[in-house]
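The file start_6.pdb contains PDB, C-alpha atoms:
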ATOM      1  CA  MET Q   1       0.000   0.000   0.000
ATOM      2  CA  GLN Q   2       1.395   3.368  -1.002
ATOM      3  CA  GLU Q   3       1.411   6.279   1.461
ATOM      4  CA  SER Q   4      -0.432   9.442   0.548
ATOM      5  CA  LYS Q   5       1.651  12.513  -0.241
ATOM      6  CA  PHE Q   6       0.134  14.260   2.768
ATOM      7  CA  TYR Q   7       1.174  11.421   5.077
ATOM      8  CA  GLN Q   8       4.705  11.427   3.644
ATOM      9  CA  LEU Q   9       5.042  15.167   4.226
ATOM     10  CA  GLN Q  10       3.674  14.914   7.758
ATOM     11  CA  ARG Q  11       6.020  12.069   8.593
ATOM     12  CA  GLU Q  12       9.034  13.949   7.197
ATOM     13  CA  ARG Q  13       8.062  17.073   9.136
ATOM     14  CA  PHE Q  14       7.762  15.012  12.325
ATOM     15  CA  PHE Q  15      11.186  13.410  11.796
ATOM     16  CA  ARG Q  16      12.747  16.787  11.032
ATOM     17  CA  GLU Q  17      11.300  18.498  14.100
ATOM     18  CA  ASN Q  18      12.097  15.541  16.343
ATOM     19  CA  THR Q  19      15.700  15.421  15.138
ATOM     20  CA  ILE Q  20      16.137  19.156  15.722
ATOM     21  CA  ASP Q  21      14.630  18.887  19.215
ATOM     22  CA  ASN Q  22      16.883  15.954  20.096
ATOM     23  CA  THR Q  23      19.964  17.725  18.778
ATOM     24  CA  LEU Q  24      19.193  20.846  20.791
ATOM     25  CA  ALA Q  25      18.532  18.804  23.943
ATOM     26  CA  LEU Q  26      21.844  17.011  23.550
ATOM     27  CA  LEU Q  27      23.727  20.252  22.946
ATOM     28  CA  GLN Q  28      22.074  21.911  25.960
ATOM     29  CA  ASP Q  29      23.083  18.976  28.126
ATOM     30  CA  ARG Q  30      26.696  19.245  26.997
ATOM     31  CA  PHE Q  31      27.224  22.997  26.564
ATOM     32  CA  HIS Q  32      26.082  26.331  27.948
ATOM     33  CA  PRO Q  33      22.406  27.010  27.052
ATOM     34  CA  GLU Q  34      23.148  30.550  25.815
ATOM     35  CA  ALA Q  35      25.723  29.216  23.346
ATOM     36  CA  VAL Q  36      23.217  26.632  22.132
ATOM     37  CA  SER Q  37      20.615  29.360  21.617
ATOM     38  CA  ALA Q  38      22.966  30.980  19.115
ATOM     39  CA  VAL Q  39      22.960  27.899  16.850
ATOM     40  CA  LYS Q  40      19.231  27.221  17.165
ATOM     41  CA  PRO Q  41      18.147  29.389  14.179
ATOM     42  CA  LEU Q  42      20.774  27.799  11.943
ATOM     43  CA  LEU Q  43      19.639  24.328  12.924
ATOM     44  CA  HIS Q  44      15.992  25.207  12.265
ATOM     45  CA  SER Q  45      16.879  26.509   8.807
ATOM     46  CA  ILE Q  46      18.007  23.054   7.644
ATOM     47  CA  GLU Q  47      15.328  21.134   5.746
ATOM     48  CA  ASP Q  48      17.403  18.079   4.795
ATOM     49  CA  VAL Q  49      16.564  15.271   7.261
ATOM     50  CA  PRO Q  50      19.678  13.152   6.507
ATOM     51  CA  ARG Q  51      21.842  16.236   7.168
ATOM     52  CA  LEU Q  52      20.031  16.791  10.462
ATOM     53  CA  LYS Q  53      20.682  13.181  11.435
ATOM     54  CA  GLN Q  54      24.395  13.688  10.758
ATOM     55  CA  LEU Q  55      24.373  16.785  12.943
ATOM     56  CA  LEU Q  56      22.614  14.912  15.742
ATOM     57  CA  LEU Q  57      25.386  12.324  15.751
ATOM     58  CA  ALA Q  58      28.019  15.043  15.591
ATOM     59  CA  ALA Q  59      26.450  16.829  18.574
ATOM     60  CA  SER Q  60      27.389  13.892  20.762
ATOM     61  CA  LYS Q  61      31.020  13.947  19.631
ATOM     62  CA  VAL Q  62      32.122  17.548  19.122
ATOM     63  CA  PRO Q  63      34.463  18.954  21.773
ATOM     64  CA  ASN Q  64      32.711  22.343  21.932
ATOM     65  CA  ILE Q  65      29.816  24.359  20.568
ATOM     66  CA  GLU Q  66      32.119  26.305  18.247
ATOM     67  CA  THR Q  67      33.030  23.102  16.417
ATOM     68  CA  PHE Q  68      29.353  22.264  16.068
ATOM     69  CA  SER Q  69      28.692  25.767  14.701
ATOM     70  CA  GLN Q  70      31.358  25.204  12.055
ATOM     71  CA  LEU Q  71      29.667  21.948  11.033
ATOM     72  CA  LEU Q  72      26.390  23.832  10.635
ATOM     73  CA  CYS Q  73      28.007  26.249   8.204
ATOM     74  CA  GLU Q  74      29.542  23.564   5.973
TER      75      GLU Q  74
END
Since I need it in another form, could you write the structure as structure tokens?
Amino acid sequence: MQESKFYQLQRERFFRENTIDNTLALLQDRFHPEAVSAVKPLLHSIEDVPRLKQLLLAASKVPNIETFSQLLCE
């Protein structure tokens, strides 16, 4: 059975928002909340879900928020 276009878009939007929320939560746990607030708009501007997944994984490994910010700009 094929999914409707509406369902596909809703599911992608859910995955995107969930990945952004998880990335921000992880960053806030590791780094100063004010520094994380600075990258929040950049993270929200990304539409590509696979890219967001890469950034989520990177958030757990980067040594500081500056390194994560550089990854956002690549």
CA of Leu57 (chain Q) to CA of Thr23 (chain Q), distance in Å rounded to a single decimal: 8.2 Å
Gap from CA of Cys73 (chain Q) to CA of Arg51 (chain Q) - Å, one decimal: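 Distance between the two atoms: 11.8 Å.
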Near-Glu74 (chain Q) list (12 Å; all atoms listed in the file; drop same-chain fewer than 6 positions) as number ranges by chain: Q: 42, 46, 51, 55, 67-68
Closest of Q:Arg13, Q:Lys5, Q:Lys53, Q:Lys40 to Leu27 (chain Q) - atom-to-atom distances counting all atoms listed in the file: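 Distance minimum relative to Leu27 (chain Q) lands on Q:Lys40.
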Residues near Ala25 (chain Q), cut-off 12 Å, all atoms listed in the file, skip fewer than 4 positions along chain, as a PyMOL selection string: chain Q and resi 18-21+29-33+36-37+40+56+59-60
Top pick for closest residue to Leu72 (chain Q), considering Q:Asn22, Q:Gln10, Q:Ser45, Q:Ser4 and counting only C-alpha atoms: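 Between Q:Asn22, Q:Gln10, Q:Ser45, Q:Ser4, the residue approaching Leu72 (chain Q) most closely is Q:Ser45.
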One-decimal distance in Å that lies between CA of Glu47 (chain Q) and CA of Arg16 (chain Q): 7.3 Å
